[in-house]
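Heads up, data-v1.tsv below (TSV, C-alpha atoms):
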chain	number	residue	atom	x	y	z
A	1	MET	CA	-26.09	-2.95	-13.74
A	2	LEU	CA	-26.21	0.48	-12.13
A	3	LEU	CA	-23.03	-0.24	-10.19
A	4	SER	CA	-21.27	-1.35	-13.39
A	5	VAL	CA	-22.26	1.88	-15.11
A	6	LEU	CA	-21.02	3.93	-12.15
A	7	VAL	CA	-17.70	2.10	-12.16
A	8	ALA	CA	-17.31	2.69	-15.90
A	9	VAL	CA	-18.00	6.41	-15.48
A	10	GLN	CA	-15.47	6.71	-12.68
A	11	VAL	CA	-12.62	4.89	-14.41
A	12	VAL	CA	-13.13	6.82	-17.65
A	13	ALA	CA	-12.99	10.04	-15.65
A	14	ALA	CA	-9.83	8.85	-13.94
A	15	ALA	CA	-8.18	8.11	-17.25
A	16	ALA	CA	-9.05	11.57	-18.50
A	17	ARG	CA	-7.41	13.29	-15.55
A	18	SER	CA	-3.74	14.20	-15.54
A	19	SER	CA	-1.31	15.68	-13.06
A	20	ALA	CA	-1.92	19.06	-14.66
A	21	GLY	CA	-5.34	19.01	-13.04
A	22	ALA	CA	-3.90	18.93	-9.54
A	23	ARG	CA	-2.58	22.11	-8.00
A	24	ALA	CA	0.91	22.13	-6.50
A	25	ASP	CA	-0.57	22.46	-3.02
A	26	ASP	CA	-2.88	19.46	-3.49
A	27	MET	CA	-0.01	17.12	-2.68
A	28	SER	CA	3.11	17.12	-0.53
A	29	PHE	CA	6.11	14.82	-0.50
A	30	LEU	CA	7.50	14.46	3.02
A	31	LEU	CA	11.06	13.15	3.34
A	32	TRP	CA	12.41	11.50	6.49
A	33	THR	CA	15.91	10.08	6.93
A	34	ARG	CA	18.07	9.15	9.91
A	35	SER	CA	19.28	12.75	9.99
A	36	ASN	CA	15.69	14.04	10.44
A	37	PRO	CA	13.78	11.12	11.99
A	38	GLY	CA	11.22	12.92	14.17
A	39	ASP	CA	7.57	12.95	13.14
A	40	GLU	CA	7.63	16.75	12.79
A	41	GLU	CA	11.12	16.88	11.23
A	42	TYR	CA	10.08	15.89	7.71
A	43	TYR	CA	11.67	17.75	4.81
A	44	PRO	CA	9.17	18.89	2.12
A	45	LEU	CA	10.44	17.86	-1.31
A	46	LEU	CA	9.36	20.31	-4.02
A	47	LEU	CA	9.12	18.63	-7.40
A	48	GLY	CA	11.37	20.37	-9.93
A	49	ASP	CA	12.99	22.78	-7.43
A	50	ALA	CA	16.77	22.34	-7.76
A	51	ALA	CA	17.62	24.44	-4.71
A	52	ASN	CA	15.15	22.51	-2.59
A	53	LEU	CA	16.66	19.21	-3.71
A	54	ALA	CA	20.23	20.42	-3.09
A	55	ALA	CA	19.32	21.15	0.54
A	56	ALA	CA	17.43	17.89	1.08
A	57	PRO	CA	18.82	15.24	3.46
A	58	LEU	CA	18.37	12.65	0.70
A	59	THR	CA	21.07	9.98	0.28
A	60	PRO	CA	20.60	8.70	-3.29
A	61	SER	CA	22.46	5.42	-2.68
A	62	ASP	CA	20.25	4.46	0.27
A	63	PRO	CA	17.07	2.42	-0.28
A	64	THR	CA	13.91	4.49	-0.68
A	65	ALA	CA	10.48	3.63	0.73
A	66	VAL	CA	7.45	5.51	-0.59
A	67	LEU	CA	4.38	5.41	1.70
A	68	ILE	CA	0.90	6.26	0.42
A	69	HIS	CA	-2.14	6.68	2.65
A	70	GLY	CA	-5.75	6.06	1.72
A	71	TYR	CA	-9.17	7.68	1.82
A	72	THR	CA	-9.75	10.44	4.45
A	73	SER	CA	-6.22	10.01	5.82
A	74	SER	CA	-3.01	12.02	5.49
A	75	GLY	CA	0.71	11.54	5.10
A	76	PHE	CA	1.44	13.39	8.34
A	77	THR	CA	-0.60	11.16	10.64
A	78	GLY	CA	-1.82	7.60	11.00
A	79	TRP	CA	0.26	4.64	9.92
A	80	SER	CA	2.82	6.50	7.77
A	81	PRO	CA	4.83	8.05	10.65
A	82	ARG	CA	4.78	4.71	12.47
A	83	ALA	CA	6.09	2.96	9.39
A	84	LYS	CA	8.75	5.64	8.97
A	85	THR	CA	10.02	5.04	12.51
A	86	GLU	CA	10.25	1.27	11.99
A	87	LEU	CA	12.02	1.67	8.65
A	88	LEU	CA	14.63	4.07	10.03
A	89	SER	CA	15.18	1.76	12.99
A	90	TYR	CA	15.82	-1.10	10.59
A	91	SER	CA	18.25	0.61	8.21
A	92	PRO	CA	19.22	3.98	6.69
A	93	TYR	CA	16.34	4.85	4.36
A	94	ASN	CA	14.92	7.70	2.39
A	95	VAL	CA	11.31	7.54	3.53
A	96	ILE	CA	8.92	9.58	1.39
A	97	SER	CA	5.35	9.93	2.58
A	98	VAL	CA	2.97	11.07	-0.16
A	99	ASP	CA	0.44	13.39	1.46
A	100	TRP	CA	-2.65	13.74	-0.76
A	101	GLU	CA	-5.11	14.52	2.01
A	102	SER	CA	-7.03	17.20	0.11
A	103	LEU	CA	-7.48	14.85	-2.86
A	104	ALA	CA	-8.56	11.93	-0.64
A	105	GLU	CA	-10.98	13.75	1.62
A	106	GLY	CA	-14.59	12.68	2.19
A	107	PRO	CA	-17.40	12.42	1.83
A	108	TRP	CA	-17.25	12.12	-1.99
A	109	TYR	CA	-15.44	8.80	-2.35
A	110	PRO	CA	-15.72	8.61	-6.18
A	111	GLY	CA	-13.73	11.84	-6.41
A	112	ALA	CA	-10.92	10.31	-4.36
A	113	VAL	CA	-11.03	7.26	-6.64
A	114	GLN	CA	-10.50	9.52	-9.65
A	115	ASN	CA	-7.57	11.19	-7.95
A	116	THR	CA	-5.62	7.95	-7.50
A	117	GLN	CA	-4.45	8.31	-11.09
A	118	VAL	CA	-3.53	11.97	-10.57
A	119	VAL	CA	-1.49	11.18	-7.46
A	120	GLY	CA	0.16	8.18	-9.07
A	121	GLU	CA	1.28	10.17	-12.10
A	122	ARG	CA	2.66	13.04	-10.04
A	123	THR	CA	4.54	10.68	-7.73
A	124	ALA	CA	6.01	8.94	-10.77
A	125	ARG	CA	7.29	12.32	-11.95
A	126	LEU	CA	8.90	12.86	-8.53
A	127	LEU	CA	10.77	9.57	-8.67
A	128	GLU	CA	11.93	10.24	-12.22
A	129	TRP	CA	13.17	13.68	-11.15
A	130	LEU	CA	15.03	12.25	-8.15
A	131	GLN	CA	16.72	9.75	-10.43
A	132	GLU	CA	17.68	12.34	-13.05
A	133	ALA	CA	18.62	15.24	-10.77
A	134	ALA	CA	20.03	13.43	-7.72
A	135	GLY	CA	21.05	10.01	-9.02
A	136	LEU	CA	18.52	8.11	-6.89
A	137	ASP	CA	19.18	4.37	-7.01
A	138	THR	CA	15.84	3.26	-8.43
A	139	THR	CA	16.69	-0.43	-8.00
A	140	LEU	CA	16.24	0.14	-4.24
A	141	VAL	CA	12.80	1.77	-4.39
A	142	GLN	CA	9.74	0.14	-2.86
A	143	VAL	CA	6.23	1.56	-2.64
A	144	THR	CA	3.69	0.64	0.04
A	145	GLY	CA	0.13	1.91	-0.21
A	146	HIS	CA	-2.93	1.27	1.93
A	147	SER	CA	-6.52	1.10	0.63
A	148	LEU	CA	-6.85	3.72	-2.13
A	149	GLY	CA	-3.12	4.26	-1.66
A	150	ALA	CA	-2.54	0.72	-2.92
A	151	HIS	CA	-4.14	1.70	-6.23
A	152	VAL	CA	-2.04	4.88	-6.27
A	153	SER	CA	0.97	2.55	-5.98
A	154	GLY	CA	-0.17	0.75	-9.09
A	155	ALA	CA	-0.69	4.05	-10.92
A	156	ILE	CA	2.90	5.04	-10.09
A	157	GLY	CA	4.16	1.91	-11.77
A	158	GLN	CA	1.93	2.48	-14.79
A	159	HIS	CA	3.06	6.09	-15.27
A	160	LEU	CA	6.80	5.65	-14.70
A	161	GLN	CA	9.06	6.23	-17.70
A	162	GLY	CA	12.69	5.18	-17.91
A	163	PHE	CA	12.66	2.54	-15.18
A	164	ARG	CA	10.36	-0.01	-13.60
A	165	LEU	CA	9.36	-0.17	-9.96
A	166	PRO	CA	11.11	-3.07	-8.23
A	167	PHE	CA	8.57	-3.71	-5.46
A	168	ILE	CA	5.03	-2.74	-4.44
A	169	THR	CA	3.17	-3.78	-1.31
A	170	GLY	CA	-0.58	-3.36	-1.61
A	171	SER	CA	-2.00	-3.09	1.89
A	172	ASP	CA	-5.65	-4.19	1.63
A	173	PRO	CA	-6.36	-2.43	-1.70
A	174	ALA	CA	-9.69	-0.61	-1.67
A	175	GLY	CA	-12.61	-2.61	-3.05
A	176	PRO	CA	-15.51	-0.20	-3.70
A	177	LEU	CA	-15.48	0.94	-7.34
A	178	PHE	CA	-12.54	-1.39	-8.07
A	179	HIS	CA	-14.41	-4.67	-8.43
A	180	ASN	CA	-14.46	-5.95	-12.01
A	181	VAL	CA	-12.43	-3.10	-13.50
A	182	THR	CA	-9.47	-3.61	-15.80
A	183	SER	CA	-5.90	-3.65	-14.50
A	184	ASP	CA	-5.34	-0.18	-15.99
A	185	PHE	CA	-7.35	1.34	-13.14
A	186	ARG	CA	-6.26	-0.69	-10.12
A	187	LEU	CA	-3.23	-2.35	-8.60
A	188	ASP	CA	-2.02	-5.30	-10.66
A	189	ALA	CA	0.99	-7.59	-10.85
A	190	SER	CA	2.12	-5.80	-14.01
A	191	ASP	CA	2.76	-2.56	-12.07
A	192	ALA	CA	6.15	-3.62	-10.65
A	193	GLU	CA	8.76	-6.33	-10.85
A	194	PHE	CA	7.17	-7.84	-7.74
A	195	VAL	CA	3.82	-7.03	-6.16
A	196	GLN	CA	2.69	-8.48	-2.85
A	197	VAL	CA	-0.83	-7.87	-1.61
A	198	ILE	CA	-2.06	-8.29	1.98
A	199	HIS	CA	-5.84	-8.75	2.13
A	200	THR	CA	-7.44	-8.17	5.53
A	201	ASP	CA	-10.97	-6.90	4.85
A	202	ALA	CA	-11.65	-8.59	1.55
A	203	CYS	CA	-15.13	-9.95	1.01
A	204	SER	CA	-18.00	-9.04	-1.27
A	205	PHE	CA	-19.25	-5.51	-1.85
A	206	LEU	CA	-22.65	-6.58	-0.47
A	207	GLU	CA	-21.00	-7.49	2.83
A	208	SER	CA	-19.70	-3.90	3.16
A	209	CYS	CA	-16.06	-4.93	3.04
A	210	LEU	CA	-13.57	-2.16	2.34
A	211	GLY	CA	-10.94	-4.31	0.64
A	212	LEU	CA	-10.59	-6.07	-2.69
A	213	ALA	CA	-10.85	-9.87	-2.51
A	214	GLU	CA	-9.53	-10.70	-5.98
A	215	PRO	CA	-5.85	-11.68	-6.27
A	216	CYS	CA	-3.98	-8.77	-7.83
A	217	GLY	CA	-0.30	-9.40	-7.09
A	218	HIS	CA	2.42	-11.92	-7.78
A	219	VAL	CA	1.74	-13.08	-4.22
A	220	ASP	CA	-1.55	-12.48	-2.39
A	221	PHE	CA	-1.68	-13.09	1.35
A	222	TYR	CA	-4.98	-13.81	3.09
A	223	PRO	CA	-4.40	-13.74	6.86
A	224	ASN	CA	-7.39	-15.18	8.68
A	225	ALA	CA	-9.13	-15.75	5.32
A	226	GLY	CA	-8.49	-12.11	4.44
A	227	GLU	CA	-11.78	-11.02	6.03
A	228	TYR	CA	-12.58	-10.45	9.71
A	229	GLN	CA	-9.32	-10.11	11.63
A	230	PRO	CA	-8.95	-11.44	15.20
A	231	GLY	CA	-9.59	-8.67	17.70
A	232	CYS	CA	-11.92	-6.94	15.22
A	233	SER	CA	-14.87	-9.25	15.67
A	234	ASP	CA	-17.44	-7.09	17.51
A	235	LEU	CA	-20.19	-7.43	14.92
A	236	SER	CA	-22.47	-5.09	16.88
A	237	LYS	CA	-20.22	-2.29	15.63
A	238	GLN	CA	-19.90	-3.32	12.01
A	239	GLY	CA	-18.48	-0.05	10.71
A	240	GLU	CA	-15.83	0.00	13.41
A	241	THR	CA	-15.10	-3.67	12.76
A	242	ARG	CA	-14.59	-3.15	9.04
A	243	GLY	CA	-12.22	-0.24	9.62
A	244	CYS	CA	-10.25	-2.27	12.16
A	245	SER	CA	-9.83	-5.23	9.80
A	246	HIS	CA	-8.97	-2.88	6.92
A	247	SER	CA	-6.21	-1.25	8.99
A	248	ARG	CA	-4.69	-4.53	10.13
A	249	ALA	CA	-2.97	-4.87	6.74
A	250	HIS	CA	-0.63	-1.96	7.43
A	251	ASP	CA	-0.30	-2.99	11.09
A	252	TYR	CA	0.97	-6.41	9.99
A	253	TRP	CA	3.35	-4.87	7.45
A	254	ILE	CA	4.79	-2.41	9.99
A	255	GLU	CA	5.31	-5.17	12.57
A	256	SER	CA	7.06	-7.31	9.95
A	257	ILE	CA	9.87	-4.75	9.47
A	258	ASN	CA	11.55	-5.35	12.84
A	259	GLY	CA	9.35	-8.03	14.38
A	260	GLU	CA	11.09	-10.96	16.03
A	261	THR	CA	8.49	-13.46	14.85
A	262	PRO	CA	7.78	-13.91	11.13
A	263	PHE	CA	4.34	-13.94	9.53
A	264	LEU	CA	4.87	-17.39	8.01
A	265	ALA	CA	2.28	-18.26	5.35
A	266	ARG	CA	1.56	-21.44	3.40
A	267	PRO	CA	0.35	-21.79	-0.19
A	268	CYS	CA	-3.15	-23.20	-0.43
A	269	SER	CA	-6.14	-23.27	-2.77
A	270	ASP	CA	-8.42	-21.44	-0.31
A	271	TRP	CA	-9.07	-20.81	3.39
A	272	ASP	CA	-11.35	-23.81	3.85
A	273	ALA	CA	-8.61	-26.12	2.64
A	274	TYR	CA	-6.12	-24.35	4.90
A	275	VAL	CA	-8.18	-24.75	8.10
A	276	ALA	CA	-8.96	-28.36	7.13
A	277	GLY	CA	-5.24	-29.09	7.34
A	278	GLU	CA	-4.84	-29.81	3.65
A	279	CYS	CA	-1.88	-27.41	3.35
A	280	ASP	CA	0.25	-28.36	6.35
A	281	SER	CA	3.34	-28.71	4.19
A	282	CYS	CA	4.98	-25.81	2.45
A	283	GLY	CA	4.33	-27.29	-0.98
A	284	GLN	CA	6.06	-25.03	-3.48
A	285	GLY	CA	7.49	-23.10	-0.52
A	286	CYS	CA	6.32	-21.12	2.50
A	287	LEU	CA	6.66	-17.35	2.50
A	288	GLU	CA	7.14	-14.66	5.11
A	289	MET	CA	4.40	-12.08	4.63
A	290	GLY	CA	5.40	-8.43	4.78
A	291	PHE	CA	8.57	-6.41	4.52
A	292	HIS	CA	10.92	-9.40	4.16
A	293	VAL	CA	8.87	-11.39	1.65
A	294	GLN	CA	10.90	-13.49	-0.77
A	295	LYS	CA	10.25	-12.59	-4.37
A	296	ASP	CA	10.74	-15.91	-6.13
A	297	LEU	CA	7.29	-17.49	-5.63
A	298	THR	CA	3.77	-16.66	-6.74
A	299	GLY	CA	0.24	-17.59	-5.75
A	300	ASN	CA	-2.20	-17.30	-2.85
A	301	TYR	CA	-0.94	-17.76	0.70
A	302	TYR	CA	-2.79	-18.18	4.01
A	303	LEU	CA	-1.90	-17.76	7.68
A	304	ARG	CA	-3.34	-17.03	11.10
A	305	THR	CA	-2.47	-14.11	13.37
A	306	ASN	CA	-2.90	-13.17	17.00
A	307	ASP	CA	-5.71	-10.83	17.98
A	308	ALA	CA	-3.34	-8.18	19.40
A	309	SER	CA	0.24	-7.03	18.87
A	310	PRO	CA	2.53	-8.86	18.41
A	311	PHE	CA	0.32	-10.27	15.68
A	312	ALA	CA	2.77	-12.73	14.07
A	313	MET	CA	2.55	-16.37	15.15
A	314	GLY	CA	5.52	-17.76	13.25
Rewrite the structure from the file as structure tokens, please.
Amino acid sequence: MLLSVLVAVQVVAAAARSSAGARADDMSFLLWTRSNPGDEEYYPLLLGDAANLAAAPLTPSDPTAVLIHGYTSSGFTGWSPRAKTELLSYSPYNVISVDWESLAEGPWYPGAVQNTQVVGERTARLLEWLQEAAGLDTTLVQVTGHSLGAHVSGAIGQHLQGFRLPFITGSDPAGPLFHNVTSDFRLDASDAEFVQVIHTDACSFLESCLGLAEPCGHVDFYPNAGEYQPGCSDLSKQGETRGCSHSRAHDYWIESINGETPFLARPCSDWDAYVAGECDSCGQGCLEMGFHVQKDLTGNYYLRTNDASPFAMG
């Protein structure tokens, strides 16, 4: 009961917040392209600044990937620069990393939860501005967010006006304070034309999992049951284990961009049925988890991975 009350308080507070409550220096939008691919060569996009946009290395006709980090992380470090490098190796892209480090800092996690709506709304305004002022091809936009960043991705879709997001990848969406809340306050299939979710640390709140177990996309992938990931099984270091499994979601997605072996997944009712061999056929169709996922099927999909990179088993 107490947890339910706390959740209600937090989501109401989130709804009450708006982008006006965030200072301009609370967030940064870092642009990488093939003309400025180095980790330190990002171009800072300044929302609403025409001169800044005119000088940007943005190619409006190229596909655009928006990357959103999670709690206690940043857009300058961690998985975002690694993803940027893989994307630019794959194809010409506008890669925009949303840095909201000061709004996602610890130790007050509920405050960061509130700020997911703030960051989502402001990022939506950026994409609208890029479309209006630069002619950005919004049919080629995809958003990938990890942990709290996955819920920011959903908030972007909810706040956009004038067009709909084509594609969201939710990378192990954060679970704490998002269990049993309405779709208005977390990532949901209604937030984009297609939403895939990769669950890697998704079990109950009482088991201290960091991810959300409930299906929340058009397609929800559960590698290794979506809980403990191979190579992250040292239960004597539970905190370290949970963080490792939580991070595997973006590791799998990054590998899938240029990986030689696909993350092939089968539809199944649950993990027990999968390991019992009840889903050996593709049924309605097998899917490749990650960057190259087909967008014509829905449901829950299961697969195994290796315990170290390369993770995909085909």
Near-A:Tyr222 list (10 Å; only C-alpha atoms; drop same-chain fewer than 4 positions) as a list in words: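 Everything that qualifies: Asp172, Val197, Ile198, His199, Thr200, Asp201, Ala202, Ala213, Pro215, Gly226, Glu227, Ala249, Ala265, Asp270, Trp271, Met289, Asn300, Tyr301, Tyr302, Leu303 and Arg304 of chain A.
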Could those residues be written to a file, using C-alpha atoms, as a PDB file, in the coordinates of the input?
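Result saved to again.pdb:
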ATOM      1  CA  ASP A 172      -5.650  -4.190   1.630  1.00  0.00           C
ATOM      2  CA  VAL A 197      -0.830  -7.870  -1.610  1.00  0.00           C
ATOM      3  CA  ILE A 198      -2.060  -8.290   1.980  1.00  0.00           C
ATOM      4  CA  HIS A 199      -5.840  -8.750   2.130  1.00  0.00           C
ATOM      5  CA  THR A 200      -7.440  -8.170   5.530  1.00  0.00           C
ATOM      6  CA  ASP A 201     -10.970  -6.900   4.850  1.00  0.00           C
ATOM      7  CA  ALA A 202     -11.650  -8.590   1.550  1.00  0.00           C
ATOM      8  CA  ALA A 213     -10.850  -9.870  -2.510  1.00  0.00           C
ATOM      9  CA  PRO A 215      -5.850 -11.680  -6.270  1.00  0.00           C
ATOM     10  CA  GLY A 226      -8.490 -12.110   4.440  1.00  0.00           C
ATOM     11  CA  GLU A 227     -11.780 -11.020   6.030  1.00  0.00           C
ATOM     12  CA  ALA A 249      -2.970  -4.870   6.740  1.00  0.00           C
ATOM     13  CA  ALA A 265       2.280 -18.260   5.350  1.00  0.00           C
ATOM     14  CA  ASP A 270      -8.420 -21.440  -0.310  1.00  0.00           C
ATOM     15  CA  TRP A 271      -9.070 -20.810   3.390  1.00  0.00           C
ATOM     16  CA  MET A 289       4.400 -12.080   4.630  1.00  0.00           C
ATOM     17  CA  ASN A 300      -2.200 -17.300  -2.850  1.00  0.00           C
ATOM     18  CA  TYR A 301      -0.940 -17.760   0.700  1.00  0.00           C
ATOM     19  CA  TYR A 302      -2.790 -18.180   4.010  1.00  0.00           C
ATOM     20  CA  LEU A 303      -1.900 -17.760   7.680  1.00  0.00           C
ATOM     21  CA  ARG A 304      -3.340 -17.030  11.100  1.00  0.00           C
TER      22      ARG A 304
END
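Among the candidates A:Glu193, A:Asp296, A:Asp25, A:Asp99, the residue lying nearest to A:Tyr42 is A:Asp99 (atoms considered: all atoms listed in the file).
What separates atom CA of A:Phe263 from atom CA of A:Ser80 is a distance of 20.6 Å.
When atom CA of A:Trp108 is paired with atom CA of A:Ala189, their separation reads 28.3 Å.
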Radius query 7 Å about (-10.4, -2.6, -0.5), atoms used: all atoms listed in the file, as JSON, numbers by chain: {"A": [147, 172, 173, 174, 175, 176, 201, 202, 210, 211, 212]}
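Shortest separation to A:Tyr90 among A:Gln158, A:Thr33, A:Ser28, A:Leu177 occurs at residue A:Thr33, atoms counted being all atoms listed in the file.
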Nearby residues (only C-alpha atoms) at most 12 Å from A:Leu127, same-chain spacing under 2 positions excluded, as a ChimeraX atom specification: /A:29,45-48,60,64-66,94,96,98,120-125,129-143,156-157,159-165
Separation of atom CA of A:Pro310 from atom CA of A:Asn224 in Å: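 Atom CA of A:Asn224 sits 15.3 Å away from atom CA of A:Pro310.
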Measuring atom to atom with all atoms listed in the file, identify which of A:Ile168, A:Leu67, A:Leu148, A:Cys209 is nearest to A:Val195.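 Nearest to A:Val195: A:Ile168.
Near A:Thr298, within 12 Å and counting only C-alpha atoms, sit Ala189, Phe194, Val195, Gln196, Val197, Pro215, Cys216, Gly217, His218, Val219, Asp220, Phe221, Arg266, Pro267, Cys268, Gln284, Gly285, Cys286, Leu287, Val293, Gln294, Lys295, Asp296, Asn300 and Tyr301 of chain A, not including residues fewer than 2 positions from it in the same chain.
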Need the shell around A:Phe76: protein/DNA/RNA residues with any atom at most 8 Å away, counting all atoms listed in the file. Skip same-chain ones fewer than 2 positions apart. Format as an NGL selection string? :A and (39 or 74 or 78 or 80-81 or 97 or 99)
Residues within 10 Å of (6.9, -3.7, 9.4), file coords, only C-alpha atoms, listed as a list in words: Arg82, Ala83, Lys84, Thr85, Glu86, Leu87, Tyr90, His250, Asp251, Tyr252, Trp253, Ile254, Glu255, Ser256, Ile257, Asn258, Gly259, Met289, Gly290, Phe291 and His292 of chain A
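For the residues A:Gly75, A:Pro223, A:Gly231, A:Pro44, ranking by smallest atom-to-atom distance to A:Tyr274 using only C-alpha atoms places A:Pro223 first.
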Find the residues near A:Gly154: any atom within 9 Å, counting all atoms listed in the file, skip ones fewer than 3 places away on the same chain, and give them as a list in words.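 Neighbouring residues, sequence-local ones excluded: Gln117, Gly120, Gly145, Gly149, Ala150, His151, Gly157, Gln158, His159, Ile168, Gly170, Asp184, Phe185, Arg186, Leu187, Asp188, Ala189, Ser190, Asp191 and Ala192 of chain A.
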Could you check which of A:Cys279, A:Met27, A:Ala50, A:Leu126 is closest to A:Glu101, using only C-alpha atoms?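 Selected residue with least distance to A:Glu101: A:Met27.
Closest approach to A:Leu297 among A:Gly283, A:Pro110, A:Pro262, A:Pro166 is made by A:Gly283 (distances from only C-alpha atoms).
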Test item: axis-aligned box, all listed atoms of stretch 226-231 of chain A, 8 Å on each side, centre and edges in Å rounded to one decimal, as AutoDock Vina command-line options:
--center_x -10.5 --center_y -10.4 --center_z 11.1 --size_x 20.1 --size_y 19.4 --size_z 29.3
